[in-house]
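Engineer: So here's final_20.txt, just compact mmCIF, C-alpha atoms and all ligand atoms:
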```
# COMPACT_ATOMS: atom_id res chain seq x y z
CA MET Z 23 193.26 123.67 47.74
CA GLY Z 24 195.71 124.33 44.97
CA ALA Z 25 195.43 127.13 42.47
CA MET Z 26 197.20 129.82 40.44
CA PRO Z 27 198.50 133.12 41.89
CA GLU Z 28 195.66 135.05 40.21
CA GLU Z 29 193.10 132.73 41.80
CA ILE Z 30 194.72 132.97 45.25
CA GLU Z 31 194.74 136.78 45.10
CA SER Z 32 191.05 136.89 44.23
CA LEU Z 33 190.14 134.36 46.93
CA LEU Z 34 192.08 136.04 49.76
CA PRO Z 35 189.38 138.66 50.53
CA LEU Z 36 186.91 135.81 51.21
CA LEU Z 37 189.22 134.21 53.79
CA THR Z 38 188.58 135.22 57.43
CA ASN Z 39 190.84 134.69 60.49
CA ARG Z 40 193.69 134.43 58.04
CA THR Z 41 197.20 133.19 58.89
CA GLU Z 42 200.02 132.55 56.45
CA ARG Z 43 203.17 130.49 56.38
CA SER Z 44 205.94 130.04 53.84
CA ILE Z 45 207.16 126.48 53.21
CA GLY Z 46 209.33 125.32 50.31
CA GLY Z 47 208.84 128.54 48.34
CA ARG Z 48 205.03 128.51 48.53
CA ILE Z 49 202.84 130.66 50.75
CA TYR Z 50 200.05 128.71 52.47
CA TYR Z 51 197.04 130.79 53.53
CA ALA Z 52 194.89 129.22 56.23
CA GLY Z 53 191.57 130.55 57.50
CA GLU Z 54 187.82 130.18 57.15
CA LEU Z 55 185.79 130.31 53.96
CA HIS Z 56 182.11 130.78 54.84
CA GLY Z 57 182.79 129.21 58.26
CA LYS Z 58 184.73 126.19 56.96
CA ASN Z 59 188.43 125.70 57.73
CA ILE Z 60 190.65 125.71 54.68
CA VAL Z 61 194.25 126.17 53.57
CA MET Z 62 195.08 127.36 50.07
CA ALA Z 63 198.23 127.85 48.03
CA PHE Z 64 199.49 128.31 44.50
CA SER Z 65 200.61 124.76 43.67
CA ARG Z 66 203.05 126.02 41.02
CA TRP Z 67 203.08 124.40 37.63
CA GLY Z 68 203.85 120.80 36.77
CA LYS Z 69 203.37 117.41 38.39
CA VAL Z 70 206.30 117.53 40.83
CA ALA Z 71 205.45 121.02 42.09
CA ALA Z 72 201.78 120.17 42.60
CA ALA Z 73 202.51 116.84 44.31
CA SER Z 74 204.91 118.59 46.66
CA THR Z 75 202.33 121.29 47.53
CA ALA Z 76 199.67 118.66 48.21
CA THR Z 77 202.06 116.72 50.46
CA THR Z 78 202.91 119.85 52.44
CA MET Z 79 199.21 120.60 52.93
CA LEU Z 80 198.76 117.11 54.30
CA GLN Z 81 201.82 117.09 56.55
CA ALA Z 82 201.81 120.68 57.81
CA TYR Z 83 198.04 121.21 58.03
CA GLY Z 84 196.57 117.70 58.28
CA ILE Z 85 194.04 118.27 55.48
CA THR Z 86 191.45 115.54 54.91
CA ASP Z 87 190.05 116.81 51.59
CA LEU Z 88 191.76 118.48 48.66
CA LEU Z 89 190.23 120.59 45.93
CA PHE Z 90 192.30 121.56 42.92
CA THR Z 91 191.19 124.46 40.72
CA GLY Z 92 192.74 125.90 37.59
CA VAL Z 93 192.63 126.02 33.81
CA ALA Z 94 193.08 123.37 31.13
CA GLY Z 95 193.47 123.04 27.38
CA ALA Z 96 190.55 121.48 25.49
CA ILE Z 97 191.09 118.07 23.91
CA ASP Z 98 187.51 116.91 23.17
CA ALA Z 99 186.20 118.72 20.08
CA ASN Z 100 182.98 119.79 21.87
CA LEU Z 101 184.78 121.85 24.52
CA LYS Z 102 185.08 125.60 24.10
CA THR Z 103 186.99 128.29 25.98
CA GLY Z 104 185.05 129.15 29.13
CA ASP Z 105 183.52 125.68 29.60
CA ILE Z 106 184.04 123.98 32.96
CA VAL Z 107 185.29 120.43 33.50
CA ILE Z 108 184.89 118.41 36.69
CA ALA Z 109 187.27 115.44 36.73
CA GLU Z 110 185.75 112.00 37.17
CA LYS Z 111 189.14 110.29 36.84
CA LEU Z 112 192.67 111.35 35.95
CA ILE Z 113 195.66 109.85 34.16
CA GLN Z 114 199.33 110.84 33.77
CA HIS Z 115 199.61 110.89 29.98
CA ASP Z 116 203.42 111.17 30.08
CA LEU Z 117 203.99 108.19 32.39
CA ASP Z 118 205.44 105.29 30.42
CA ALA Z 119 207.47 102.48 32.05
CA ARG Z 120 206.96 99.98 29.20
CA PRO Z 121 207.87 97.16 28.88
CA ILE Z 122 208.11 96.75 32.66
CA MET Z 123 204.45 97.75 33.02
CA ALA Z 124 201.53 98.90 30.90
CA GLN Z 125 201.64 102.39 29.41
CA HIS Z 126 200.33 104.99 31.94
CA GLU Z 127 200.37 102.52 34.84
CA ILE Z 128 201.62 104.13 38.07
CA PRO Z 129 204.59 102.10 39.34
CA LEU Z 130 203.78 99.99 42.43
CA LEU Z 131 200.16 101.14 42.65
CA GLY Z 132 199.00 98.81 39.86
CA LYS Z 133 196.62 101.59 38.79
CA THR Z 134 196.41 103.75 35.70
CA TRP Z 135 193.45 105.99 36.51
CA ILE Z 136 192.63 107.67 39.82
CA GLU Z 137 189.00 108.52 40.52
CA THR Z 138 187.85 111.66 42.28
CA ASP Z 139 185.46 111.64 45.24
CA PRO Z 140 181.79 111.32 44.13
CA VAL Z 141 180.53 113.49 47.00
CA TRP Z 142 182.82 116.38 46.04
CA ARG Z 143 181.85 115.91 42.39
CA ALA Z 144 178.16 116.27 43.30
CA ARG Z 145 178.82 119.40 45.40
CA LEU Z 146 180.87 120.93 42.61
CA THR Z 147 178.22 120.07 40.00
CA HIS Z 148 175.63 121.86 42.11
CA SER Z 149 177.73 125.00 42.56
CA VAL Z 150 178.90 125.16 38.93
CA ASN Z 151 175.28 124.83 37.76
CA GLN Z 152 174.28 127.70 40.06
CA VAL Z 153 177.09 129.86 38.67
CA ILE Z 154 176.06 129.07 35.08
CA ASN Z 155 172.29 129.33 35.57
CA GLN Z 156 172.42 132.54 37.57
CA LYS Z 157 174.76 134.06 34.96
CA ILE Z 158 177.11 135.08 37.77
CA LEU Z 159 180.08 135.35 35.42
CA ASN Z 160 178.35 138.05 33.38
CA SER Z 161 178.69 140.51 36.24
CA LEU Z 162 181.99 139.19 37.65
CA VAL Z 163 183.88 139.03 34.36
CA GLY Z 164 181.84 141.63 32.47
CA GLU Z 165 179.87 141.20 29.26
CA ALA Z 166 182.60 142.83 27.14
CA ALA Z 167 185.36 140.48 28.34
CA LEU Z 168 183.11 137.43 27.88
CA LYS Z 169 182.37 138.54 24.34
CA ASN Z 170 186.07 139.11 23.68
CA PHE Z 171 186.78 135.50 24.56
CA ASP Z 172 183.71 134.33 22.65
CA ILE Z 173 182.14 132.90 25.83
CA HIS Z 174 178.33 132.78 25.59
CA SER Z 175 176.86 130.18 27.90
CA PRO Z 176 179.55 128.07 29.54
CA GLY Z 177 178.96 124.31 29.46
CA LEU Z 178 179.68 121.87 32.29
CA TYR Z 179 181.33 118.53 31.51
CA THR Z 180 182.34 115.69 33.82
CA GLY Z 181 184.84 113.08 32.66
CA GLU Z 182 188.45 112.18 32.05
CA ILE Z 183 191.36 114.60 32.49
CA ALA Z 184 194.95 113.92 31.42
CA SER Z 185 197.95 115.51 33.15
CA GLY Z 186 201.61 115.69 32.17
CA ASP Z 187 204.66 117.92 32.17
CA GLN Z 188 203.93 119.37 28.72
CA PHE Z 189 202.17 122.49 27.53
CA PHE Z 190 200.00 121.48 24.55
CA ARG Z 191 200.58 123.94 21.73
CA SER Z 192 200.01 122.06 18.46
CA LYS Z 193 197.33 120.11 16.61
CA GLU Z 194 199.78 117.18 16.32
CA GLN Z 195 200.20 116.97 20.12
CA LYS Z 196 196.44 117.12 20.57
CA LEU Z 197 195.77 114.44 17.95
CA ALA Z 198 198.41 112.12 19.37
CA LEU Z 199 196.78 112.28 22.82
CA GLN Z 200 193.31 111.74 21.34
CA GLN Z 201 194.51 108.65 19.50
CA LEU Z 202 196.09 107.22 22.61
CA LEU Z 203 193.27 108.14 25.04
CA PRO Z 204 190.08 108.83 23.03
CA HIS Z 205 187.79 109.99 25.88
CA ILE Z 206 189.97 112.72 27.41
CA LEU Z 207 188.10 116.02 27.83
CA CYS Z 208 191.04 118.30 28.59
CA VAL Z 209 194.74 118.41 29.42
CA GLU Z 210 196.66 120.17 32.20
CA MET Z 211 199.87 119.75 34.15
CA GLU Z 212 198.98 118.86 37.76
CA GLY Z 213 195.68 117.06 38.43
CA ALA Z 214 196.75 113.42 38.11
CA ALA Z 215 199.86 114.01 40.24
CA VAL Z 216 197.78 115.49 43.06
CA ALA Z 217 195.34 112.60 42.56
CA GLN Z 218 198.15 110.13 43.20
CA VAL Z 219 199.17 111.88 46.43
CA CYS Z 220 195.53 111.90 47.58
CA TYR Z 221 195.05 108.24 46.69
CA GLU Z 222 198.18 107.18 48.55
CA ASN Z 223 197.12 109.15 51.64
CA ASP Z 224 193.37 108.42 51.65
CA LEU Z 225 192.38 112.05 51.05
CA ARG Z 226 189.05 112.83 49.42
CA PHE Z 227 189.73 115.04 46.43
CA ALA Z 228 188.26 116.76 43.39
CA VAL Z 229 189.60 118.69 40.40
CA VAL Z 230 187.71 121.45 38.59
CA ARG Z 231 189.14 123.19 35.53
CA THR Z 232 188.08 126.01 33.23
CA ILE Z 233 189.00 125.68 29.55
CA SER Z 234 191.49 128.46 28.70
CA ASP Z 235 192.59 127.39 25.22
CA ALA Z 236 192.22 124.75 22.52
CA SER Z 237 195.58 122.98 23.09
CA ASP Z 238 196.77 124.06 19.65
CA GLU Z 239 198.92 126.73 17.97
CA LYS Z 240 196.75 129.53 19.44
CA SER Z 241 197.31 128.37 23.03
CA VAL Z 242 200.50 130.43 23.51
CA ILE Z 243 198.35 133.57 23.16
CA ASP Z 244 195.00 132.35 24.53
CA PHE Z 245 196.28 130.70 27.71
CA PRO Z 246 198.01 133.76 29.31
CA ALA Z 247 195.19 136.08 28.21
CA PHE Z 248 192.57 133.85 29.83
CA ILE Z 249 194.58 133.62 33.06
CA ASN Z 250 195.01 137.40 33.18
CA LYS Z 251 191.41 138.33 32.55
CA ILE Z 252 189.01 135.48 33.28
CA ALA Z 253 190.20 132.41 35.20
CA SER Z 254 190.18 133.79 38.74
CA HIS Z 255 186.55 134.99 38.38
CA TYR Z 256 185.46 131.44 37.59
CA THR Z 257 187.32 130.08 40.63
CA VAL Z 258 185.91 132.69 43.01
CA ALA Z 259 182.35 132.14 41.73
CA ILE Z 260 182.55 128.33 41.94
CA LEU Z 261 184.21 128.22 45.37
CA ASP Z 262 181.98 130.93 46.83
CA HIS Z 263 178.90 128.88 45.89
CA LEU Z 264 180.50 125.61 46.91
CA PHE Z 265 181.36 126.83 50.40
CA ARG Z 266 177.95 128.43 50.93
CA GLN Z 267 176.39 124.96 50.61
CA ASP Z 268 175.50 122.97 53.74
CA TRP Z 269 177.75 119.96 54.10
N1 LIG N 1 196.61 124.25 30.89
C1 LIG N 1 195.92 125.16 30.19
N2 LIG N 1 196.16 125.07 28.87
C2 LIG N 1 197.04 124.05 28.73
C3 LIG N 1 197.69 123.46 27.62
N3 LIG N 1 197.47 123.91 26.36
N4 LIG N 1 198.56 122.43 27.83
C4 LIG N 1 198.78 121.99 29.09
N5 LIG N 1 198.20 122.51 30.18
C5 LIG N 1 197.33 123.53 30.00
```
Transcribe the structure of this file into structure tokens.
Structural biologist:
Amino acid sequence: MGAMPEEIESLLPLLTNRTERSIGGRIYYAGELHGKNIVMAFSRWGKVAAASTATTMLQAYGITDLLFTGVAGAIDANLKTGDIVIAEKLIQHDLDARPIMAQHEIPLLGKTWIETDPVWRARLTHSVNQVINQKILNSLVGEAALKNFDIHSPGLYTGEIASGDQFFRSKEQKLALQQLLPHILCVEMEGAAVAQVCYENDLRFAVVRTISDASDEKSVIDFPAFINKIASHYTVAILDHLFRQDW
């Protein structure tokens, strides 16, 4: 699992029989989450950092499945702060080796999109729906904080996510991505890189993101505020329900 420091800190109390190890500047926490063996770490930000963390999890811990959690900026006009996106497939929006190959095509793989595992998507859908329907965030985050961020009833979307080494902070950036890839739901900086590592190593994987900002001029303020106050509650609620399931 990869996540942000705030998410890791909130998840640690749920981890039993915990051990930790420092490799390449990251701390990897291994243990059991509701009786299932896991290892989790803050991936750090950006494609290279996240790919490196995923590779270490594979080589040092022999993981077979990888779950990436975090936040994302909205691209689709329907998405609001506090909505949840489960990735169906991911693309590196900043990968461009034209004219040698098509725009966004991953060199040597002959692929542009990488699909997530349908079984993990179904499990995540189930747990996110439980979190939303049981209004679990209302008590975890608090009604006042939800109101502050204008979150009423979070929506769940499944679809395309774009990743790249850019923080989206303007309407122009957002529009340019929409014109190039019209079905993208949200943008972040790691998912498609981790997807490539998982694809190349036959790992089952999934990506779940909470919308923290609108990928526009307000993002510089909204993104850090959401991470400080809200994001980790979403991750804890979703993973807690996910790992309570029988699978
Ligand atoms: N993750 C969360 N918000 C983002 C944004 N605006 N751009 C890129 N990644 C993000």
Engineer: Please identify every residue of chain Z that has at least one atom no farther than 8 Å from an atom of ligand LIG 1 (chain N), counting all atoms listed in the file, and for each give the shortest atom pair and the distance in Å to one decimal, arranged by chain then increasing number, as CSV.
Structural biologist:
```
residue,atom,partner,partner_atom,distance
Z:Gly92,CA,N:LIG1,N1,7.9
Z:Val93,CA,N:LIG1,C1,5.0
Z:Ala94,CA,N:LIG1,C1,3.5
Z:Gly95,CA,N:LIG1,N2,3.7
Z:Ala96,CA,N:LIG1,N3,7.4
Z:Ser185,CA,N:LIG1,N5,7.6
Z:Gly186,CA,N:LIG1,C4,7.6
Z:Asp187,CA,N:LIG1,C4,7.8
Z:Gln188,CA,N:LIG1,C4,5.8
Z:Phe189,CA,N:LIG1,N4,3.6
Z:Phe190,CA,N:LIG1,N4,3.7
Z:Arg191,CA,N:LIG1,N3,5.6
Z:Val209,CA,N:LIG1,C4,5.4
Z:Glu210,CA,N:LIG1,N5,3.5
Z:Met211,CA,N:LIG1,N5,5.1
Z:Ile233,CA,N:LIG1,C1,7.0
Z:Ser234,CA,N:LIG1,C1,5.7
Z:Asp235,CA,N:LIG1,N2,5.6
Z:Ala236,CA,N:LIG1,N3,6.6
Z:Ser237,CA,N:LIG1,N3,3.9
Z:Asp238,CA,N:LIG1,N3,6.7
Z:Ser241,CA,N:LIG1,N3,5.6
Z:Val242,CA,N:LIG1,N3,7.7
Z:Phe245,CA,N:LIG1,N2,5.7
```
Engineer: Could you work out how far CA of Ile97 in chain Z lies from CA of Val229 in chain Z, giving the answer in Å with one decimal?
Structural biologist: 16.6 Å
Engineer: Need to verify the contact set: range 114-123 of chain Z, 12 Å, all atoms listed in the file, exclusion of same-chain residues closer than 2 positions in sequence. Can you return it as a PyMOL selection string?
Structural biologist: chain Z and resi 68-70+111-112+125-136+182-190+195-196+198-204+206+208-218
Engineer: When distances are computed from all atoms listed in the file, which of Z:Lys240, Z:His205, Z:Lys102, Z:His148 shows the smallest separation from His174 in chain Z?
Structural biologist: Z:Lys102
Engineer: Would you tabulate, counting only C-alpha atoms, all residues of range 62-85 of chain Z that have an atom at most 12 Å from an atom of range 39-44 of chain Z, showing the closest pair of atoms and their distance in Å to one decimal, sorted by chain then ascending number, as a tab-separated table?
Structural biologist:
```
residue	atom	partner	partner_atom	distance
Z:Met62	CA	Z:Glu42	CA	9.6
Z:Ala63	CA	Z:Glu42	CA	9.8
Z:Phe64	CA	Z:Ser44	CA	11.5
Z:Thr75	CA	Z:Ser44	CA	11.4
Z:Thr78	CA	Z:Ser44	CA	10.7
Z:Met79	CA	Z:Arg43	CA	11.2
Z:Ala82	CA	Z:Arg43	CA	10.0
Z:Tyr83	CA	Z:Arg43	CA	10.7
```
Engineer: Which residues of range 219-251 of chain Z come within 12 Å of range 160-169 of chain Z, and for each one, what is the closest pair of atoms and their distance in Å to one decimal, counting all atoms listed in the file, sorted by chain and residue number, as JSON lines?
Structural biologist:
```
{"residue": "Z:Ala247", "atom": "CA", "partner": "Z:Ala167", "partner_atom": "CA", "distance": 10.8}
{"residue": "Z:Phe248", "atom": "CA", "partner": "Z:Ala167", "partner_atom": "CA", "distance": 9.9}
{"residue": "Z:Asn250", "atom": "CA", "partner": "Z:Ala167", "partner_atom": "CA", "distance": 11.2}
{"residue": "Z:Lys251", "atom": "CA", "partner": "Z:Ala167", "partner_atom": "CA", "distance": 7.7}
```
Engineer: When you count only C-alpha atoms, which of these residues is closest to Pro27 in chain Z: Z:Arg145, Z:Arg231, Z:His263, Z:Arg66?
Structural biologist: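 Counting only C-alpha atoms, the residue closest to Pro27 in chain Z is Z:Arg66.
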Engineer: With 6 Å added on each side, what axis-aligned box encloses every listed atom of range 93-102 of chain Z? Give the centre and edge lengths in Å to one decimal, as AutoDock Vina command-line options.
Structural biologist:
```
--center_x 188.2 --center_y 121.5 --center_z 26.9 --size_x 22.5 --size_y 21.1 --size_z 25.7
```
Engineer: Find the residues around Asp262 in chain Z up to 10 Å (all atoms listed in the file counted), leave out those fewer than 5 positions away in its own chain, and share them as a list in words.
Structural biologist: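 Contacts, in chain order: Leu33, Leu36, Leu55, His56, Ser149, Val153, Tyr256, Thr257 and Gln267 of chain Z.
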Engineer: Using only C-alpha atoms, find the one residue out of Z:Leu101, Z:Leu89, Z:Leu37, Z:Ile113 that sits nearest to Phe227 in chain Z.
Structural biologist: Z:Leu89
Engineer: Which residue gives the smallest distance to Gln156 in chain Z among Z:Val230, Z:Ala259, Z:Ala124, Z:Leu207, with all atoms listed in the file counted?
Structural biologist: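 Between Z:Val230, Z:Ala259, Z:Ala124, Z:Leu207, the residue approaching Gln156 in chain Z most closely is Z:Ala259.
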Engineer: I'd like the interatomic distance between CA of Phe90 in chain Z and CA of Gly53 in chain Z, to a tenth of an Å.
Structural biologist: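 So the two atoms, CA of Phe90 in chain Z and CA of Gly53 in chain Z, lie 17.1 Å apart.
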Engineer: Z:Leu178, Z:Ile154, Z:Ala73, Z:Val107: which is nearest Leu88 in chain Z, counting all atoms listed in the file?
Structural biologist: Z:Ala73
Engineer: Check the smallest atom-to-atom distance from each of Z:Glu194, Z:Asn151, Z:Trp142, Z:Ile108 to Tyr179 in chain Z using all atoms listed in the file, then report the winner.
Structural biologist: Z:Ile108
Engineer: What does the distance from CA of Ala76 in chain Z to CA of Gly104 in chain Z come to in Å, to one decimal?
Structural biologist: 26.2 Å
